[in-house]
Amino acid sequence: MASGGIEAPDIDDDPTTSGRQDAPFTFVLENCSLETAHVGKTYQLLNSDDHVKYLMRHDRDPADYRPDIVHQALLAILDSPLNKAGKIKAVYVHTARNVLIEINPQVRLPRTFKRFCGLMVMLLQKLSIRASNGSQKLLKVVKGPVTKYFPVGAQRVGFSHKSDTIVPLQTFVKRLPIESHVIFAVGGMARGKINAPYIDSTVSISEYPLSAACCISKITNALEAKLVII
């Protein structure tokens with residue numbers, strides 16, 4: 001296990017890791033709060049629980065600093081049977097500070113928030129994190145825009161409770177053509193609407209506000225049902 005608790009599977013022995021280039025889905029977390037600052041004697045990932053005084057002293061709203069949302073959303077994506085079946089090609093995190101992070105869907109992230117924060121501080125300083133058992137980069141900061149990494153002709157869908165279009169998720173997923181790649185953009189922040197110009201359409205899948213992790217779980221569950229992934 002590498003520093004920060006990051007761990008890579010044995011790719012050669014894992015049948016679910018092959019064929020990722022042809023995987024039909026990509027997830028993008030937009031407007032995520034992942035910002036480091038020198039607090040005390042160390043660099044830390046700013047969050048509303050541990051750094052309220054620091055944030056208010058610098059005229060910032062603590063409610064906007066919720067990296068725990070990003071952590072929960074990433075675990076929802078990476079732990080899903082959809083991902084374990086090799087159907088997710090890539091995961092991207094686009095921060096509120098316009099930093100773009102590419103996450104290898106085969107990575108195993110730390111389960112605790114404290115260790116996740118340590119890992120993100122390391123990533124934002126070193127710009128990449130390699131597997132402990134090889135040279136493969138499991139997380140890396142890449143140049144934007146994120147659209148340069150999208151397959152040609154991919155359908156790009158955003159999810160927001162504030163969308164005027166409410167669609168039952170099962171109905172929406174049933175309409176997705178299996179042969180085309182689909183990009184799912186979900187907000188990784190506590191409030192507001194994602195503002196991503198690359199999105200073709202924005203839909204709401206519930207009449208109630210959903211957390212990013214809940215929204216992602218509903219998406220992956222519906223896709224698993226469509227593809228008969230148990």
# chains A, B, ... in the order shown; residues from 1 in each chain; ligands from 1
call {"tool": "residues_around", "arguments": {"residues": "His71 of chain A", "least_positions_apart": "3", "cutoff": "9 Å", "atoms": "only C-alpha atoms", "output": "VMD selection string"}}
result
chain A and resid 67 to 68 74 to 76 109 to 113 116 to 117 213
call {"tool": "residues_around", "arguments": {"residues": "segment 145-150 of chain A", "least_positions_apart": "3", "cutoff": "9 Å", "atoms": "only C-alpha atoms", "output": "list in words"}}
result
Thr26, Val28, Tyr92, His94, Leu100, Val142, Gly153, Ala154, His181, Ile183 and Tyr198 of chain A
call {"tool": "select_by_dssp", "arguments": {"residues": "segment 95-218 of chain A", "states": "alpha helix (DSSP H)", "output": "list in words"}}
result
Phe113, Lys114, Arg115, Phe116, Cys117, Gly118, Leu119, Met120, Val121, Met122, Leu123, Leu124, Gln125, Lys126, Leu169, Gln170, Thr171, Phe172, Val173, Lys174, Arg175, Ala212, Ala213, Cys214, Cys215, Ile216, Ser217 and Lys218 of chain A
call {"tool": "atom_distance", "arguments": {"atom1": "atom CA of Ala23 of chain A", "atom2": "atom CA of Ile230 of chain A"}}
result
17.3 Å
call {"tool": "closest_residue", "arguments": {"among": "A:Gly86, A:Pro177, A:Pro209, A:Pro62", "to": "Ser33 of chain A", "atoms": "only C-alpha atoms"}}
result
A:Pro62
call {"tool": "residues_around", "arguments": {"residues": "Glu224 of chain A", "least_positions_apart": "6", "cutoff": "10 Å", "atoms": "only C-alpha atoms", "output": "PyMOL selection string"}}
result
chain A and resi 80-83+85+87+218+230
call {"tool": "select_by_dssp", "arguments": {"residues": "segment 53-180 of chain A", "states": "strand (DSSP E or B)", "output": "JSON list (two decimals) with all heavy atoms, in the first residue's frame"}}
result
[["chain", "number", "residue", "atom", "x", "y", "z"],
["A", 88, "ILE", "N", -16.72, 1.29, -16.83],
["A", 88, "ILE", "CA", -16.39, 2.71, -16.69],
["A", 88, "ILE", "C", -14.99, 2.94, -17.24],
["A", 88, "ILE", "O", -14.02, 2.37, -16.75],
["A", 88, "ILE", "CB", -16.49, 3.16, -15.22],
["A", 88, "ILE", "CG1", -17.93, 3.00, -14.74],
["A", 88, "ILE", "CG2", -16.03, 4.61, -15.08],
["A", 88, "ILE", "CD1", -18.15, 3.39, -13.28],
["A", 89, "LYS", "N", -14.91, 3.77, -18.26],
["A", 89, "LYS", "CA", -13.63, 4.02, -18.92],
["A", 89, "LYS", "C", -12.74, 4.93, -18.10],
["A", 89, "LYS", "O", -11.52, 4.70, -17.99],
["A", 89, "LYS", "CB", -13.87, 4.65, -20.30],
["A", 89, "LYS", "CG", -12.58, 4.96, -21.05],
["A", 89, "LYS", "CD", -12.86, 5.55, -22.42],
["A", 89, "LYS", "CE", -11.55, 5.84, -23.15],
["A", 89, "LYS", "NZ", -11.78, 6.42, -24.49],
["A", 90, "ALA", "N", -13.32, 6.01, -17.54],
["A", 90, "ALA", "CA", -12.51, 6.98, -16.81],
["A", 90, "ALA", "C", -13.39, 7.78, -15.86],
["A", 90, "ALA", "O", -14.61, 7.86, -16.04],
["A", 90, "ALA", "CB", -11.79, 7.93, -17.77],
["A", 91, "VAL", "N", -12.74, 8.36, -14.85],
["A", 91, "VAL", "CA", -13.42, 9.25, -13.92],
["A", 91, "VAL", "C", -12.59, 10.53, -13.83],
["A", 91, "VAL", "O", -11.36, 10.47, -13.69],
["A", 91, "VAL", "CB", -13.54, 8.61, -12.52],
["A", 91, "VAL", "CG1", -14.26, 9.57, -11.57],
["A", 91, "VAL", "CG2", -14.27, 7.28, -12.59],
["A", 92, "TYR", "N", -13.27, 11.68, -13.94],
["A", 92, "TYR", "CA", -12.58, 12.97, -13.87],
["A", 92, "TYR", "C", -13.19, 13.81, -12.75],
["A", 92, "TYR", "O", -14.40, 13.79, -12.52],
["A", 92, "TYR", "CB", -12.69, 13.73, -15.19],
["A", 92, "TYR", "CG", -11.97, 13.04, -16.33],
["A", 92, "TYR", "CD1", -12.65, 12.17, -17.18],
["A", 92, "TYR", "CD2", -10.61, 13.24, -16.53],
["A", 92, "TYR", "CE1", -11.99, 11.51, -18.21],
["A", 92, "TYR", "CE2", -9.93, 12.59, -17.56],
["A", 92, "TYR", "CZ", -10.63, 11.73, -18.39],
["A", 92, "TYR", "OH", -9.97, 11.07, -19.41],
["A", 93, "VAL", "N", -12.33, 14.55, -12.07],
["A", 93, "VAL", "CA", -12.75, 15.49, -11.04],
["A", 93, "VAL", "C", -12.31, 16.88, -11.47],
["A", 93, "VAL", "O", -11.12, 17.13, -11.65],
["A", 93, "VAL", "CB", -12.14, 15.13, -9.68],
["A", 93, "VAL", "CG1", -12.45, 16.22, -8.65],
["A", 93, "VAL", "CG2", -12.65, 13.77, -9.19],
["A", 94, "HIS", "N", -13.28, 17.76, -11.67],
["A", 94, "HIS", "CA", -13.00, 19.14, -12.07],
["A", 94, "HIS", "C", -13.28, 20.03, -10.88],
["A", 94, "HIS", "O", -14.42, 20.12, -10.42],
["A", 94, "HIS", "CB", -13.88, 19.53, -13.26],
["A", 94, "HIS", "CG", -13.53, 20.86, -13.85],
["A", 94, "HIS", "ND1", -14.43, 21.62, -14.56],
["A", 94, "HIS", "CD2", -12.38, 21.57, -13.84],
["A", 94, "HIS", "CE1", -13.84, 22.74, -14.95],
["A", 94, "HIS", "NE2", -12.60, 22.73, -14.52],
["A", 95, "THR", "N", -12.25, 20.68, -10.36],
["A", 95, "THR", "CA", -12.42, 21.44, -9.13],
["A", 95, "THR", "C", -12.93, 22.86, -9.39],
["A", 95, "THR", "O", -12.89, 23.37, -10.52],
["A", 95, "THR", "CB", -11.10, 21.54, -8.34],
["A", 95, "THR", "OG1", -10.24, 22.51, -8.97],
["A", 95, "THR", "CG2", -10.39, 20.19, -8.29],
["A", 100, "LEU", "N", -8.03, 19.87, -13.09],
["A", 100, "LEU", "CA", -8.65, 18.66, -13.63],
["A", 100, "LEU", "C", -7.84, 17.44, -13.21],
["A", 100, "LEU", "O", -6.64, 17.37, -13.45],
["A", 100, "LEU", "CB", -8.75, 18.73, -15.15],
["A", 100, "LEU", "CG", -9.45, 17.56, -15.85],
["A", 100, "LEU", "CD1", -10.91, 17.47, -15.40],
["A", 100, "LEU", "CD2", -9.38, 17.73, -17.37],
["A", 101, "ILE", "N", -8.51, 16.50, -12.57],
["A", 101, "ILE", "CA", -7.86, 15.28, -12.08],
["A", 101, "ILE", "C", -8.45, 14.07, -12.79],
["A", 101, "ILE", "O", -9.68, 13.94, -12.89],
["A", 101, "ILE", "CB", -8.07, 15.14, -10.56],
["A", 101, "ILE", "CG1", -7.46, 16.34, -9.82],
["A", 101, "ILE", "CG2", -7.46, 13.84, -10.05],
["A", 101, "ILE", "CD1", -7.86, 16.41, -8.35],
["A", 102, "GLU", "N", -7.58, 13.22, -13.29],
["A", 102, "GLU", "CA", -8.02, 11.97, -13.91],
["A", 102, "GLU", "C", -7.76, 10.83, -12.93],
["A", 102, "GLU", "O", -6.66, 10.69, -12.39],
["A", 102, "GLU", "CB", -7.24, 11.71, -15.20],
["A", 102, "GLU", "CG", -7.67, 10.42, -15.91],
["A", 102, "GLU", "CD", -6.87, 10.17, -17.18],
["A", 102, "GLU", "OE1", -6.64, 11.15, -17.93],
["A", 102, "GLU", "OE2", -6.46, 9.02, -17.40],
["A", 103, "ILE", "N", -8.79, 10.03, -12.71],
["A", 103, "ILE", "CA", -8.70, 8.92, -11.76],
["A", 103, "ILE", "C", -8.89, 7.60, -12.50],
["A", 103, "ILE", "O", -9.89, 7.39, -13.19],
["A", 103, "ILE", "CB", -9.76, 9.07, -10.66],
["A", 103, "ILE", "CG1", -9.51, 10.37, -9.88],
["A", 103, "ILE", "CG2", -9.77, 7.87, -9.72],
["A", 103, "ILE", "CD1", -10.51, 10.65, -8.80],
["A", 108, "ARG", "N", -8.14, 1.79, -5.82],
["A", 108, "ARG", "CA", -8.89, 1.64, -4.57],
["A", 108, "ARG", "C", -8.53, 2.82, -3.67],
["A", 108, "ARG", "O", -7.41, 2.93, -3.19],
["A", 108, "ARG", "CB", -8.53, 0.31, -3.89],
["A", 108, "ARG", "CG", -9.01, -0.91, -4.66],
["A", 108, "ARG", "CD", -8.61, -2.19, -3.94],
["A", 108, "ARG", "NE", -9.23, -2.25, -2.61],
["A", 108, "ARG", "CZ", -8.91, -3.17, -1.71],
["A", 108, "ARG", "NH1", -7.98, -4.08, -1.97],
["A", 108, "ARG", "NH2", -9.51, -3.18, -0.53],
["A", 128, "SER", "N", 0.74, 13.69, -9.38],
["A", 128, "SER", "CA", 0.38, 12.33, -9.76],
["A", 128, "SER", "C", 0.69, 11.39, -8.60],
["A", 128, "SER", "O", 1.55, 11.68, -7.77],
["A", 128, "SER", "CB", 1.12, 11.87, -11.01],
["A", 128, "SER", "OG", 2.51, 11.76, -10.77],
["A", 129, "ILE", "N", -0.04, 10.29, -8.55],
["A", 129, "ILE", "CA", 0.18, 9.24, -7.56],
["A", 129, "ILE", "C", 0.31, 7.93, -8.31],
["A", 129, "ILE", "O", -0.56, 7.57, -9.11],
["A", 129, "ILE", "CB", -0.99, 9.15, -6.57],
["A", 129, "ILE", "CG1", -1.19, 10.46, -5.82],
["A", 129, "ILE", "CG2", -0.76, 7.99, -5.59],
["A", 129, "ILE", "CD1", -0.12, 10.80, -4.82],
["A", 130, "ARG", "N", 1.40, 7.22, -8.07],
["A", 130, "ARG", "CA", 1.64, 5.94, -8.75],
["A", 130, "ARG", "C", 1.23, 4.77, -7.85],
["A", 130, "ARG", "O", 1.17, 4.89, -6.63],
["A", 130, "ARG", "CB", 3.11, 5.81, -9.11],
["A", 130, "ARG", "CG", 3.61, 6.86, -10.10],
["A", 130, "ARG", "CD", 5.08, 6.68, -10.43],
["A", 130, "ARG", "NE", 5.57, 7.74, -11.29],
["A", 130, "ARG", "CZ", 5.50, 7.71, -12.62],
["A", 130, "ARG", "NH1", 4.97, 6.65, -13.23],
["A", 130, "ARG", "NH2", 5.97, 8.71, -13.34],
["A", 137, "LYS", "N", 0.26, 5.27, -13.15],
["A", 137, "LYS", "CA", -0.31, 6.42, -12.46],
["A", 137, "LYS", "C", -1.80, 6.17, -12.22],
["A", 137, "LYS", "O", -2.57, 6.03, -13.17],
["A", 137, "LYS", "CB", -0.09, 7.69, -13.27],
["A", 137, "LYS", "CG", 1.36, 8.13, -13.35],
["A", 137, "LYS", "CD", 1.50, 9.44, -14.11],
["A", 137, "LYS", "CE", 2.95, 9.90, -14.15],
["A", 137, "LYS", "NZ", 3.12, 11.19, -14.89],
["A", 138, "LEU", "N", -2.17, 6.16, -10.96],
["A", 138, "LEU", "CA", -3.55, 5.89, -10.60],
["A", 138, "LEU", "C", -4.38, 7.17, -10.49],
["A", 138, "LEU", "O", -5.58, 7.15, -10.72],
["A", 138, "LEU", "CB", -3.61, 5.12, -9.29],
["A", 138, "LEU", "CG", -2.90, 3.76, -9.31],
["A", 138, "LEU", "CD1", -2.96, 3.11, -7.94],
["A", 138, "LEU", "CD2", -3.51, 2.85, -10.36],
["A", 139, "LEU", "N", -3.74, 8.25, -10.12],
["A", 139, "LEU", "CA", -4.36, 9.56, -10.09],
["A", 139, "LEU", "C", -3.37, 10.56, -10.65],
["A", 139, "LEU", "O", -2.17, 10.47, -10.36],
["A", 139, "LEU", "CB", -4.76, 9.99, -8.67],
["A", 139, "LEU", "CG", -5.76, 9.13, -7.91],
["A", 139, "LEU", "CD1", -5.03, 8.14, -7.03],
["A", 139, "LEU", "CD2", -6.65, 10.02, -7.04],
["A", 140, "LYS", "N", -3.85, 11.50, -11.44],
["A", 140, "LYS", "CA", -2.95, 12.51, -11.99],
["A", 140, "LYS", "C", -3.70, 13.77, -12.35],
["A", 140, "LYS", "O", -4.87, 13.73, -12.75],
["A", 140, "LYS", "CB", -2.20, 11.98, -13.21],
["A", 140, "LYS", "CG", -3.08, 11.50, -14.35],
["A", 140, "LYS", "CD", -2.24, 10.90, -15.49],
["A", 140, "LYS", "CE", -3.11, 10.36, -16.61],
["A", 140, "LYS", "NZ", -2.30, 9.76, -17.70],
["A", 141, "VAL", "N", -3.03, 14.89, -12.19],
["A", 141, "VAL", "CA", -3.56, 16.17, -12.65],
["A", 141, "VAL", "C", -3.24, 16.30, -14.13],
["A", 141, "VAL", "O", -2.10, 16.08, -14.55],
["A", 141, "VAL", "CB", -2.93, 17.34, -11.87],
["A", 141, "VAL", "CG1", -3.39, 18.68, -12.42],
["A", 141, "VAL", "CG2", -3.27, 17.24, -10.38],
["A", 142, "VAL", "N", -4.26, 16.59, -14.93],
["A", 142, "VAL", "CA", -4.08, 16.66, -16.39],
["A", 142, "VAL", "C", -4.54, 18.03, -16.89],
["A", 142, "VAL", "O", -5.25, 18.77, -16.20],
["A", 142, "VAL", "CB", -4.88, 15.55, -17.09],
["A", 142, "VAL", "CG1", -4.34, 14.18, -16.72],
["A", 142, "VAL", "CG2", -6.37, 15.63, -16.76],
["A", 155, "GLN", "N", -22.32, 11.01, -26.04],
["A", 155, "GLN", "CA", -23.46, 11.76, -25.52],
["A", 155, "GLN", "C", -23.11, 12.29, -24.14],
["A", 155, "GLN", "O", -22.57, 11.57, -23.30],
["A", 155, "GLN", "CB", -24.70, 10.84, -25.43],
["A", 155, "GLN", "CG", -25.96, 11.54, -24.99],
["A", 155, "GLN", "CD", -27.18, 10.63, -25.04],
["A", 155, "GLN", "OE1", -27.13, 9.56, -25.65],
["A", 155, "GLN", "NE2", -28.26, 11.04, -24.41],
["A", 156, "ARG", "N", -23.40, 13.56, -23.87],
["A", 156, "ARG", "CA", -22.96, 14.22, -22.64],
["A", 156, "ARG", "C", -24.18, 14.69, -21.85],
["A", 156, "ARG", "O", -24.89, 15.59, -22.27],
["A", 156, "ARG", "CB", -22.05, 15.39, -22.98],
["A", 156, "ARG", "CG", -20.90, 14.99, -23.92],
["A", 156, "ARG", "CD", -20.23, 16.20, -24.52],
["A", 156, "ARG", "NE", -19.19, 15.84, -25.49],
["A", 156, "ARG", "CZ", -18.36, 16.71, -26.05],
["A", 156, "ARG", "NH1", -18.46, 17.99, -25.76],
["A", 156, "ARG", "NH2", -17.45, 16.30, -26.91],
["A", 157, "VAL", "N", -24.38, 14.08, -20.70],
["A", 157, "VAL", "CA", -25.59, 14.34, -19.91],
["A", 157, "VAL", "C", -25.21, 14.88, -18.54],
["A", 157, "VAL", "O", -24.34, 14.34, -17.86],
["A", 157, "VAL", "CB", -26.41, 13.05, -19.73],
["A", 157, "VAL", "CG1", -27.72, 13.36, -19.00],
["A", 157, "VAL", "CG2", -26.70, 12.40, -21.08],
["A", 158, "GLY", "N", -25.86, 15.96, -18.15],
["A", 158, "GLY", "CA", -25.67, 16.53, -16.83],
["A", 158, "GLY", "C", -26.87, 16.25, -15.95],
["A", 158, "GLY", "O", -28.00, 16.11, -16.44],
["A", 159, "PHE", "N", -26.64, 16.17, -14.65],
["A", 159, "PHE", "CA", -27.72, 15.89, -13.70],
["A", 159, "PHE", "C", -27.82, 17.04, -12.69],
["A", 159, "PHE", "O", -26.83, 17.44, -12.09],
["A", 159, "PHE", "CB", -27.47, 14.57, -12.98],
["A", 159, "PHE", "CG", -27.55, 13.37, -13.88],
["A", 159, "PHE", "CD1", -26.45, 12.98, -14.62],
["A", 159, "PHE", "CD2", -28.73, 12.66, -14.01],
["A", 159, "PHE", "CE1", -26.51, 11.88, -15.47],
["A", 159, "PHE", "CE2", -28.81, 11.56, -14.86],
["A", 159, "PHE", "CZ", -27.69, 11.18, -15.59],
["A", 166, "ILE", "N", -37.65, 16.61, -15.74],
["A", 166, "ILE", "CA", -37.61, 15.50, -14.78],
["A", 166, "ILE", "C", -37.93, 14.21, -15.52],
["A", 166, "ILE", "O", -38.97, 14.09, -16.17],
["A", 166, "ILE", "CB", -38.61, 15.72, -13.64],
["A", 166, "ILE", "CG1", -38.30, 17.02, -12.87],
["A", 166, "ILE", "CG2", -38.60, 14.53, -12.68],
["A", 166, "ILE", "CD1", -39.26, 17.31, -11.74]]
call {"tool": "atom_distance", "arguments": {"atom1": "atom CA of His161 of chain A", "atom2": "atom CA of Gly144 of chain A"}}
result
26.3 Å
call {"tool": "closest_residue", "arguments": {"among": "A:Gln125, A:Asn104, A:Gln21, A:Asn31", "to": "Tyr43 of chain A", "atoms": "only C-alpha atoms"}}
result
A:Gln125
call {"tool": "residues_around", "arguments": {"residues": "Val52 of chain A", "least_positions_apart": "4", "cutoff": "12 Å", "atoms": "only C-alpha atoms", "output": "count of residues only"}}
result
15
call {"tool": "closest_residue", "arguments": {"among": "A:Val173, A:Leu127, A:Cys32, A:Ile199", "to": "Ala96 of chain A", "atoms": "only C-alpha atoms"}}
result
A:Cys32
call {"tool": "atom_distance", "arguments": {"atom1": "atom CA of Ala225 of chain A", "atom2": "atom CA of Leu169 of chain A"}}
result
11.3 Å
call {"tool": "residues_around", "arguments": {"residues": "Thr165 of chain A", "least_positions_apart": "3", "cutoff": "9 Å", "atoms": "only C-alpha atoms", "output": "list of chain:residue names"}}
result
A:Lys162, A:Thr202, A:Val203, A:Ser204, A:Ile205
call {"tool": "write_last_selection", "arguments": {"atoms": "all heavy atoms", "output": "PDB file, in the first residue's frame"}}
result
ATOM      1  N   LYS A 162     -32.190  21.198 -10.329  1.00  0.00           N
ATOM      2  CA  LYS A 162     -32.763  22.445 -10.821  1.00  0.00           C
ATOM      3  C   LYS A 162     -33.130  22.390 -12.301  1.00  0.00           C
ATOM      4  O   LYS A 162     -33.602  23.378 -12.861  1.00  0.00           O
ATOM      5  CB  LYS A 162     -31.793  23.598 -10.566  1.00  0.00           C
ATOM      6  CG  LYS A 162     -31.559  23.869  -9.080  1.00  0.00           C
ATOM      7  CD  LYS A 162     -30.693  25.083  -8.848  1.00  0.00           C
ATOM      8  CE  LYS A 162     -30.530  25.368  -7.358  1.00  0.00           C
ATOM      9  NZ  LYS A 162     -29.724  26.567  -7.087  1.00  0.00           N
ATOM     10  N   THR A 202     -29.390  18.564 -19.703  1.00  0.00           N
ATOM     11  CA  THR A 202     -29.389  18.414 -18.251  1.00  0.00           C
ATOM     12  C   THR A 202     -30.745  17.894 -17.817  1.00  0.00           C
ATOM     13  O   THR A 202     -31.781  18.406 -18.232  1.00  0.00           O
ATOM     14  CB  THR A 202     -29.116  19.770 -17.560  1.00  0.00           C
ATOM     15  OG1 THR A 202     -27.870  20.292 -18.017  1.00  0.00           O
ATOM     16  CG2 THR A 202     -29.060  19.599 -16.056  1.00  0.00           C
ATOM     17  N   VAL A 203     -30.726  16.868 -16.988  1.00  0.00           N
ATOM     18  CA  VAL A 203     -31.978  16.265 -16.541  1.00  0.00           C
ATOM     19  C   VAL A 203     -31.975  16.151 -15.018  1.00  0.00           C
ATOM     20  O   VAL A 203     -30.931  16.164 -14.372  1.00  0.00           O
ATOM     21  CB  VAL A 203     -32.181  14.861 -17.157  1.00  0.00           C
ATOM     22  CG1 VAL A 203     -32.251  14.952 -18.668  1.00  0.00           C
ATOM     23  CG2 VAL A 203     -31.084  13.896 -16.715  1.00  0.00           C
ATOM     24  N   SER A 204     -33.176  16.060 -14.463  1.00  0.00           N
ATOM     25  CA  SER A 204     -33.359  15.773 -13.051  1.00  0.00           C
ATOM     26  C   SER A 204     -33.987  14.391 -12.942  1.00  0.00           C
ATOM     27  O   SER A 204     -34.893  14.053 -13.708  1.00  0.00           O
ATOM     28  CB  SER A 204     -34.272  16.820 -12.408  1.00  0.00           C
ATOM     29  OG  SER A 204     -34.581  16.453 -11.068  1.00  0.00           O
ATOM     30  N   ILE A 205     -33.483  13.585 -12.002  1.00  0.00           N
ATOM     31  CA  ILE A 205     -34.000  12.217 -11.880  1.00  0.00           C
ATOM     32  C   ILE A 205     -34.839  12.037 -10.619  1.00  0.00           C
ATOM     33  O   ILE A 205     -35.236  10.915 -10.299  1.00  0.00           O
ATOM     34  CB  ILE A 205     -32.853  11.188 -11.905  1.00  0.00           C
ATOM     35  CG1 ILE A 205     -31.840  11.483 -10.792  1.00  0.00           C
ATOM     36  CG2 ILE A 205     -32.173  11.200 -13.271  1.00  0.00           C
ATOM     37  CD1 ILE A 205     -30.767  10.405 -10.668  1.00  0.00           C
TER      38      ILE A 205
END
call {"tool": "closest_residue", "arguments": {"among": "A:Ala196, A:Val152, A:Met189, A:Ile178", "to": "Lys226 of chain A", "atoms": "only C-alpha atoms"}}
result
A:Ile178
call {"tool": "residues_around", "arguments": {"residues": "segment 119-121 of chain A", "least_positions_apart": "2", "cutoff": "7 Å", "atoms": "only C-alpha atoms", "output": "list in words"}}
result
Gly4, Thr36, Gln44, Leu45, Arg115, Phe116, Cys117, Leu123, Leu124 and Gln125 of chain A
call {"tool": "write_last_selection", "arguments": {"atoms": "N, CA, C and O atoms", "output": "CSV table (one decimal), in the first residue's frame"}}
result
chain,number,residue,atom,x,y,z
A,4,GLY,N,-0.8,7.4,1.9
A,4,GLY,CA,-2.1,7.9,1.7
A,4,GLY,C,-3.2,6.8,1.7
A,4,GLY,O,-4.3,7.1,1.5
A,36,THR,N,-6.0,23.1,-1.2
A,36,THR,CA,-5.1,23.0,-0.1
A,36,THR,C,-4.7,24.4,0.4
A,36,THR,O,-4.7,25.3,-0.4
A,44,GLN,N,-2.9,21.4,4.2
A,44,GLN,CA,-4.1,20.6,4.5
A,44,GLN,C,-5.2,20.8,3.5
A,44,GLN,O,-5.2,21.8,2.8
A,45,LEU,N,-6.1,19.8,3.3
A,45,LEU,CA,-7.2,20.0,2.4
A,45,LEU,C,-8.3,20.7,3.2
A,45,LEU,O,-8.8,20.2,4.2
A,115,ARG,N,-7.8,10.0,5.6
A,115,ARG,CA,-6.8,9.4,4.7
A,115,ARG,C,-7.0,9.9,3.3
A,115,ARG,O,-6.0,10.2,2.5
A,116,PHE,N,-8.2,10.1,2.9
A,116,PHE,CA,-8.5,10.7,1.6
A,116,PHE,C,-8.0,12.1,1.5
A,116,PHE,O,-7.4,12.5,0.5
A,117,CYS,N,-8.1,12.9,2.5
A,117,CYS,CA,-7.6,14.3,2.6
A,117,CYS,C,-6.1,14.2,2.4
A,117,CYS,O,-5.5,15.0,1.6
A,123,LEU,N,-1.5,14.5,-3.9
A,123,LEU,CA,-1.8,14.6,-5.3
A,123,LEU,C,-1.6,16.0,-5.9
A,123,LEU,O,-1.0,16.2,-6.9
A,124,LEU,N,-2.2,17.0,-5.2
A,124,LEU,CA,-2.1,18.3,-5.6
A,124,LEU,C,-0.7,18.9,-5.5
A,124,LEU,O,-0.4,19.9,-6.2
A,125,GLN,N,0.1,18.3,-4.7
A,125,GLN,CA,1.5,18.8,-4.6
A,125,GLN,C,2.4,18.1,-5.6
A,125,GLN,O,3.2,18.7,-6.3
